[in-house]
file run35.txt (compact mmCIF, C-alpha atoms)
# COMPACT_ATOMS: atom_id res chain seq x y z
CA MET A 1042 101.74 6.49 50.36
CA LYS A 1043 100.51 2.91 50.16
CA GLU A 1044 98.30 3.28 47.08
CA ILE A 1045 98.39 5.11 43.75
CA ALA A 1046 94.84 6.24 44.60
CA LEU A 1047 96.18 8.08 47.66
CA HIS A 1048 98.58 10.02 45.45
CA LEU A 1049 95.58 11.06 43.37
CA LEU A 1050 93.77 12.34 46.47
CA ASP A 1051 96.86 14.36 47.36
CA ILE A 1052 97.73 15.69 43.91
CA VAL A 1053 94.16 16.78 43.09
CA GLN A 1054 94.33 19.31 45.94
CA ASN A 1055 96.83 21.23 43.80
CA SER A 1056 94.19 21.60 41.05
CA VAL A 1057 91.55 22.65 43.57
CA ARG A 1058 93.83 25.29 45.06
CA ALA A 1059 94.70 26.50 41.55
CA GLY A 1060 91.05 27.57 41.27
CA ALA A 1061 90.15 25.09 38.54
CA SER A 1062 86.55 24.79 37.37
CA HIS A 1063 87.14 21.42 35.69
CA VAL A 1064 89.45 18.62 36.80
CA ASP A 1065 89.67 15.64 34.48
CA ILE A 1066 91.18 12.46 35.87
CA ARG A 1067 92.11 9.41 33.83
CA PHE A 1068 93.52 5.97 34.55
CA LEU A 1069 94.54 4.12 31.42
CA LEU A 1070 95.97 0.63 31.78
CA GLY A 1071 97.63 -0.62 28.61
CA ALA A 1072 98.03 -4.22 27.49
CA ASP A 1073 101.75 -3.81 28.34
CA GLY A 1074 100.86 -3.26 32.02
CA VAL A 1075 101.78 0.44 32.05
CA LEU A 1076 99.26 2.49 34.03
CA GLU A 1077 98.86 6.14 33.09
CA MET A 1078 97.38 8.40 35.78
CA GLY A 1079 96.54 11.80 34.36
CA VAL A 1080 95.11 14.88 36.06
CA ARG A 1081 94.29 17.86 33.88
CA ASP A 1082 92.87 21.10 35.26
CA ASP A 1083 91.93 24.55 33.97
CA GLY A 1084 93.27 26.33 37.03
CA CYS A 1085 95.71 29.22 37.21
CA GLY A 1086 98.66 27.25 35.84
CA MET A 1087 102.30 27.81 36.66
CA SER A 1088 104.93 30.18 35.38
CA PRO A 1089 107.93 28.55 33.63
CA GLU A 1090 110.00 29.46 36.71
CA LEU A 1091 107.65 27.73 39.13
CA LEU A 1092 107.26 24.74 36.79
CA ALA A 1093 111.03 24.33 36.78
CA ARG A 1094 111.16 24.27 40.60
CA VAL A 1095 108.00 22.33 41.36
CA ARG A 1096 109.61 18.88 41.44
CA SER A 1097 111.73 19.93 44.40
CA PRO A 1098 110.49 19.10 47.91
CA PHE A 1099 111.60 22.59 48.92
CA THR A 1100 109.06 24.24 46.64
CA THR A 1101 105.58 25.07 47.90
CA THR A 1102 103.05 27.83 47.41
CA ARG A 1103 101.90 27.79 50.99
CA THR A 1104 103.35 30.30 53.37
CA THR A 1105 103.24 28.39 56.67
CA ARG A 1106 106.37 26.34 55.98
CA LYS A 1107 108.90 25.68 53.28
CA VAL A 1108 108.34 22.11 52.15
CA GLY A 1109 105.82 20.45 49.85
CA LEU A 1110 106.04 16.70 49.33
CA GLY A 1111 103.07 15.86 47.08
CA ILE A 1112 104.81 15.85 43.69
CA PRO A 1113 108.20 14.54 44.95
CA LEU A 1114 106.54 11.52 46.62
CA LEU A 1115 104.49 10.78 43.49
CA MET A 1116 107.66 10.96 41.37
CA GLN A 1117 109.50 8.67 43.76
CA ASN A 1118 106.83 5.99 43.58
CA ALA A 1119 106.39 6.24 39.79
CA MET A 1120 110.14 6.02 39.22
CA GLN A 1121 110.53 3.17 41.69
CA SER A 1122 108.32 1.05 39.41
CA GLY A 1123 110.28 2.06 36.32
CA GLY A 1124 107.87 4.81 35.29
CA HIS A 1125 108.07 8.60 35.33
CA VAL A 1126 106.06 11.81 35.74
CA ASP A 1127 105.35 14.42 33.07
CA LEU A 1128 104.23 17.94 33.93
CA GLU A 1129 102.91 20.58 31.59
CA SER A 1130 101.55 23.94 32.60
CA GLU A 1131 100.64 27.27 31.12
CA GLU A 1132 99.90 30.33 33.18
CA GLY A 1133 96.22 31.22 32.96
CA LYS A 1134 95.36 28.00 31.09
CA GLY A 1135 95.93 25.12 33.49
CA THR A 1136 98.16 22.22 34.38
CA GLU A 1137 98.42 18.58 33.40
CA ILE A 1138 100.33 16.03 35.42
CA VAL A 1139 100.74 12.51 34.11
CA ALA A 1140 102.33 9.71 36.10
CA TYR A 1141 103.29 6.40 34.52
CA PHE A 1142 103.53 3.26 36.63
CA VAL A 1143 104.88 -0.09 35.43
CA THR A 1144 102.39 -2.34 37.20
CA SER A 1145 104.33 -5.54 36.44
CA SER A 1146 107.18 -4.31 38.63
CA ILE A 1147 107.44 -5.78 42.11
CA ASP A 1148 108.13 -2.24 43.36
CA CYS A 1149 104.90 -0.79 41.92
CA LEU A 1150 102.25 0.37 44.38
CA PRO A 1151 98.78 -1.13 44.04
CA LEU A 1152 96.15 1.14 42.48
CA GLY A 1153 94.16 0.90 45.71
CA ASP A 1154 90.70 2.16 46.51
CA LEU A 1155 90.00 4.61 43.71
CA ALA A 1156 86.28 4.83 44.56
CA SER A 1157 87.07 5.98 48.13
CA THR A 1158 89.53 8.53 46.79
CA MET A 1159 86.95 9.98 44.37
CA ALA A 1160 84.35 10.10 47.16
CA SER A 1161 86.83 11.94 49.42
CA ILE A 1162 87.79 14.38 46.67
CA ILE A 1163 84.16 15.24 45.87
CA MET A 1164 83.27 15.50 49.56
CA GLY A 1165 86.12 17.96 50.10
CA SER A 1166 85.16 20.21 47.16
CA PRO A 1167 81.46 19.63 46.51
CA ASP A 1168 80.62 22.92 44.74
CA LYS A 1169 83.59 23.64 42.54
CA PRO A 1170 85.38 22.31 40.51
CA GLU A 1171 83.54 19.70 38.45
CA PHE A 1172 85.43 16.39 38.54
CA SER A 1173 85.41 13.73 35.88
CA ILE A 1174 87.08 10.35 35.90
CA ARG A 1175 87.68 7.89 33.08
CA CYS A 1176 89.13 4.41 33.54
CA ALA A 1177 90.11 2.18 30.65
CA SER A 1178 91.92 -1.12 30.31
CA PRO A 1179 91.80 -4.02 27.86
CA ALA A 1180 88.91 -5.29 30.04
CA GLY A 1181 86.68 -2.29 29.40
CA GLU A 1182 85.99 1.37 30.04
CA MET A 1183 83.96 3.57 32.39
CA SER A 1184 83.48 7.26 33.04
CA PHE A 1185 81.80 9.40 35.65
CA SER A 1186 81.38 13.13 36.07
CA THR A 1187 79.98 15.33 38.83
CA GLU A 1188 78.50 17.46 36.05
CA THR A 1189 76.04 14.71 35.06
CA ILE A 1190 74.64 14.08 38.54
CA ARG A 1191 74.61 17.68 39.80
CA PRO A 1192 71.42 18.72 37.92
CA MET A 1193 69.60 15.61 39.19
CA LEU A 1194 70.32 16.59 42.78
CA GLU A 1195 68.44 19.89 42.31
CA GLY A 1196 70.53 21.86 44.77
CA VAL A 1197 71.30 19.10 47.27
CA SER A 1198 75.05 19.24 47.91
CA LEU A 1199 77.33 16.53 46.61
CA SER A 1200 78.92 16.46 50.07
CA GLU A 1201 75.77 15.08 51.73
CA PRO A 1202 76.73 11.72 53.29
CA GLY A 1203 74.04 9.79 51.41
CA VAL A 1204 75.15 11.22 48.06
CA VAL A 1205 78.85 10.57 48.76
CA GLN A 1206 78.06 7.00 49.68
CA TRP A 1207 76.10 6.51 46.46
CA ILE A 1208 79.01 7.88 44.42
CA LYS A 1209 81.48 5.63 46.23
CA GLU A 1210 79.41 2.48 45.79
CA SER A 1211 78.55 3.11 42.14
CA LEU A 1212 82.23 3.80 41.31
CA GLU A 1213 83.28 0.63 43.15
CA GLU A 1214 80.93 -1.39 40.95
CA GLU A 1215 82.15 0.22 37.75
CA ILE A 1216 85.90 0.34 38.39
CA GLU A 1217 86.40 -3.20 39.74
CA PRO A 1218 85.83 -5.07 36.45
CA ILE A 1219 88.21 -2.72 34.62
CA MET A 1220 91.05 -2.31 37.11
CA GLY A 1221 90.49 -5.36 39.33
CA GLY A 1222 93.82 -6.93 38.42
CA ILE A 1223 95.96 -4.09 39.81
CA MET A 1224 93.87 -2.81 42.71
CA LYS A 1225 95.53 -4.81 45.51
CA MET B 459 73.72 -1.93 40.51
CA LYS B 460 73.54 1.62 41.78
CA THR B 461 70.87 3.41 39.83
CA MET B 462 69.73 6.96 39.21
CA ALA B 463 66.44 6.04 40.89
CA GLU B 464 68.38 5.33 44.07
CA LEU B 465 70.12 8.67 43.82
CA GLU B 466 66.74 10.37 43.48
CA ALA B 467 65.53 8.60 46.64
CA ILE B 468 68.67 9.75 48.47
CA ARG B 469 68.04 13.31 47.27
CA LYS B 470 64.52 13.31 48.69
CA ALA B 471 65.61 11.81 52.01
CA THR B 472 68.41 14.38 52.25
CA LEU B 473 66.05 17.25 51.52
CA SER B 474 63.87 16.45 54.51
CA ARG B 475 66.99 16.29 56.69
CA ILE B 476 68.16 19.65 55.37
CA ASN B 477 64.81 21.18 56.36
CA LEU B 478 65.33 19.79 59.84
CA ARG B 479 68.77 21.37 59.91
CA THR B 480 67.60 24.88 59.02
CA ASP B 481 65.06 24.70 61.82
CA GLU B 482 67.79 24.44 64.43
CA LYS B 483 70.05 27.26 63.26
CA GLY B 484 73.51 27.73 64.76
CA GLU B 485 73.50 24.21 66.15
CA THR B 486 75.94 22.71 63.64
CA THR B 487 78.67 20.38 64.89
CA ARG B 488 81.81 20.54 62.80
CA VAL B 489 84.18 17.65 62.11
CA VAL B 490 87.42 18.82 60.50
CA ILE B 491 89.87 16.27 59.11
CA GLY B 492 93.50 16.95 58.16
CA MET B 493 93.84 15.96 54.51
CA ALA B 494 97.24 17.26 53.43
CA THR B 495 99.99 14.93 52.15
CA CYS B 496 100.88 13.96 55.74
CA GLY B 497 97.30 13.21 56.77
CA ILE B 498 96.55 11.21 53.62
CA ALA B 499 99.75 9.16 54.00
CA ALA B 500 98.91 8.45 57.65
CA GLY B 501 95.42 7.17 56.80
CA ALA B 502 92.99 10.10 56.81
CA ARG B 503 90.89 8.84 53.88
CA PRO B 504 89.29 5.82 55.62
CA VAL B 505 88.83 7.99 58.73
CA MET B 506 86.87 10.60 56.83
CA LEU B 507 84.74 7.97 55.09
CA SER B 508 84.05 6.30 58.46
CA PHE B 509 82.74 9.60 59.82
CA MET B 510 80.56 9.93 56.75
CA GLU B 511 79.18 6.40 57.10
CA GLU B 512 78.54 6.79 60.82
CA ILE B 513 76.73 10.11 60.33
CA GLU B 514 74.64 8.63 57.52
CA LYS B 515 73.85 5.53 59.59
CA ARG B 516 72.64 7.62 62.54
CA GLN B 517 70.94 10.18 60.28
CA LEU B 518 72.60 13.09 62.08
CA ALA B 519 71.34 16.20 60.32
CA HIS B 520 73.41 18.76 62.20
CA VAL B 521 76.95 17.46 61.53
CA GLN B 522 79.18 18.94 58.87
CA ILE B 523 82.38 17.23 57.73
CA SER B 524 85.14 19.32 56.21
CA GLN B 525 88.82 19.02 55.30
CA THR B 526 91.83 21.10 56.21
CA GLY B 527 95.49 21.18 55.22
CA CYS B 528 98.64 20.47 57.19
CA ILE B 529 98.81 22.23 60.55
CA GLY B 530 102.40 21.28 61.26
CA MET B 531 101.97 18.33 63.62
CA CYS B 532 102.37 15.66 60.96
CA ARG B 533 103.59 13.05 63.49
CA LEU B 534 100.13 13.10 65.13
CA GLU B 535 98.16 12.54 61.91
CA PRO B 536 95.49 11.51 61.16
CA MET B 537 94.07 14.38 63.21
CA VAL B 538 90.40 15.26 63.60
CA ASP B 539 88.90 18.34 65.26
CA VAL B 540 85.38 18.08 66.65
CA ILE B 541 83.68 21.38 67.41
CA LEU B 542 80.33 21.21 69.16
CA PRO B 543 78.22 24.39 69.01
CA GLY B 544 79.28 26.76 71.79
CA LYS B 545 82.03 24.40 72.98
CA GLU B 546 85.78 24.49 72.66
CA LYS B 547 87.50 22.54 69.88
CA VAL B 548 88.60 19.00 70.78
CA THR B 549 91.50 17.55 68.79
CA TYR B 550 91.80 13.80 68.31
CA VAL B 551 95.14 12.36 67.17
CA HIS B 552 96.31 9.12 65.53
CA VAL B 553 92.67 8.51 64.62
CA LYS B 554 91.81 5.11 63.13
CA PRO B 555 88.49 4.15 61.49
CA GLU B 556 87.75 1.81 64.44
CA MET B 557 87.76 4.82 66.79
CA VAL B 558 85.16 6.74 64.81
CA PRO B 559 81.93 5.07 66.08
CA ARG B 560 82.93 5.86 69.68
CA ILE B 561 83.78 9.49 68.89
CA VAL B 562 80.44 9.90 67.13
CA ALA B 563 78.41 8.16 69.86
CA GLU B 564 80.06 9.60 72.96
CA HIS B 565 81.18 13.04 71.78
CA ILE B 566 79.02 14.17 68.86
CA VAL B 567 75.77 12.59 70.08
CA ASN B 568 76.21 12.69 73.86
CA GLY B 569 78.59 15.63 74.27
CA ARG B 570 81.35 13.84 76.20
CA PRO B 571 84.77 13.91 74.45
CA VAL B 572 86.66 10.59 74.34
CA GLU B 573 89.55 11.78 76.54
CA GLU B 574 91.92 8.89 75.79
CA TYR B 575 91.97 9.70 72.04
CA THR B 576 92.64 13.42 72.44
CA ILE B 577 95.85 15.33 71.85
CA GLY B 578 96.05 16.02 75.61
CA ALA B 579 96.23 12.31 76.42
CA ALA B 580 98.69 11.61 73.59
CA GLU B 581 101.10 14.35 74.62
CA LYS B 582 101.22 13.20 78.26
CA ASN B 583 102.98 9.95 77.32
call {"tool": "encode", "arguments": {"input": "run35.txt", "output": "structure tokens"}}
result
Amino acid sequence: MKEIALHLLDIVQNSVRAGASHVDIRFLLGADGVLEMGVRDDGCGMSPELLARVRSPFTTTRTTRKVGLGIPLLMQNAMQSGGHVDLESEEGKGTEIVAYFVTSSIDCLPLGDLASTMASIIMGSPDKPEFSIRCASPAGEMSFSTETIRPMLEGVSLSEPGVVQWIKESLEEEIEPIMGGIMK
Amino acid sequence: MKTMAELEAIRKATLSRINLRTDEKGETTRVVIGMATCGIAAGARPVMLSFMEEIEKRQLAHVQISQTGCIGMCRLEPMVDVILPGKEKVTYVHVKPEMVPRIVAEHIVNGRPVEEYTIGAAEKN
């Protein structure tokens, strides 16, 4: 992966497939340059046995083949910058994955195009779950949720190209001033 | 600034397109993009957004974009299937955003697949 935002696009699919009804995403950039990427869902969660195995590339829930690289690749890139990945899960309650990136490291990926990632995520799962995103840094804070715009659309799907484009452009405007320093 | 008023205008414009769509039932063209770890790493995100932009630009009411997982040919990602109503599926491989306007114009609008981008052409070499 070339961007942290691409890892988000990949890792969120796990929450969608876990049957979550809410997926809360956060990007918190501290004054020390550590970026926290958190994804919390209320999906089916994982058993302690699965949670213990899930960091391995040879663990996957799909049945077509025996490898799953989403979490291992995220861990590799977080650790390469001097960060790490925390995982917590409870069966029936949900899962939270938090990746820490040390953005001052020369080996840290850029944050990348977070607005495009959010647009892609929402386009791929327009009906369920509800997604929210919160970005904060010393420069400011923003948040967005599919739950706030859904009632305004009065039944028009969030996957309609015009709607997706609006979401992408409005997130671009809001995220840039907060995360601009680490996006490229 | 993007405003809620703009979103409301988009909603109204979309509604009239949806009505158009239900008039021509069974005529939906499907665009399916591989968005598993392999597809994303190979560049599927800008490809999907290019399809979205192109479809919005041309106001194509009958095209539906969806995502799929890994189908086991990761070396050919980003992969895109285009399925015209009543026609066989055409699979495009190593798709780049620059290729999208041609696929939309020649295949989705005019019904002629772009042979040189298809899996058949790629596997010959």
call {"tool": "interface_residues", "arguments": {"input": "run35.txt", "of": "chain A", "to": "chain B", "cutoff": "10 Å", "atoms": "all atoms listed in the file", "output": "PyMOL selection string"}}
result
chain A and resi 1042-1044+1047-1048+1050-1052+1054+1105-1106+1109-1112+1114+1154+1157-1158+1160-1162+1164-1166+1190+1193-1215
call {"tool": "residues_around", "arguments": {"input": "run35.txt", "residues": "Met1183 (chain A)", "least_positions_apart": "5", "cutoff": "8 Å", "atoms": "all atoms listed in the file", "output": "ChimeraX atom specification"}}
result
/A:1175-1177,1215-1216,1219
call {"tool": "residues_around", "arguments": {"input": "run35.txt", "residues": "His552 (chain B)", "least_positions_apart": "6", "cutoff": "12 Å", "atoms": "only C-alpha atoms", "output": "VMD selection string"}}
result
chain B and resid 491 to 492 496 to 497 500 to 502 505 531 to 539 558 574 to 577 579 to 581
call {"tool": "closest_residue", "arguments": {"input": "run35.txt", "among": "B:Val553, B:Ala463, B:Ile566, B:Val548", "to": "Thr487 (chain B)", "atoms": "only C-alpha atoms"}}
result
B:Ile566
call {"tool": "atom_distance", "arguments": {"input": "run35.txt", "atom1": "CA of Leu1091 (chain A)", "atom2": "CA of Glu1132 (chain A)"}}
result
10.1 Å
call {"tool": "atom_distance", "arguments": {"input": "run35.txt", "atom1": "CA of Leu1150 (chain A)", "atom2": "CA of Asp1065 (chain A)"}}
result
22.1 Å
call {"tool": "atom_distance", "arguments": {"input": "run35.txt", "atom1": "CA of Gly578 (chain B)", "atom2": "CA of His565 (chain B)"}}
result
15.6 Å
call {"tool": "residues_around", "arguments": {"input": "run35.txt", "residues": "Thr1100 (chain A)", "least_positions_apart": "2", "cutoff": "12 Å", "atoms": "only C-alpha atoms", "output": "list in words"}}
result
Glu1090, Leu1091, Leu1092, Ala1093, Arg1094, Val1095, Arg1096, Ser1097, Pro1098, Thr1102, Arg1103, Thr1104, Arg1106, Lys1107, Val1108, Gly1109, Leu1110, Gly1111, Ile1112 and Pro1113 of chain A
call {"tool": "axis_aligned_box", "arguments": {"input": "run35.txt", "around": "region 563-570 of chain B", "padding_each_side": "8 Å", "output": "AutoDock Vina command-line options"}}
result
--center_x 78.6 --center_y 11.9 --center_z 72.5 --size_x 21.6 --size_y 23.5 --size_z 23.3
call {"tool": "closest_residue", "arguments": {"input": "run35.txt", "among": "A:Gly1123, A:Gly1135, A:Gly1221, A:Gly1071", "to": "Gly1084 (chain A)", "atoms": "all atoms listed in the file"}}
result
A:Gly1135
call {"tool": "closest_residue", "arguments": {"input": "run35.txt", "among": "A:Leu1076, A:Met1224, A:Leu1115, A:Leu1155", "to": "Val1143 (chain A)", "atoms": "all atoms listed in the file"}}
result
A:Leu1076
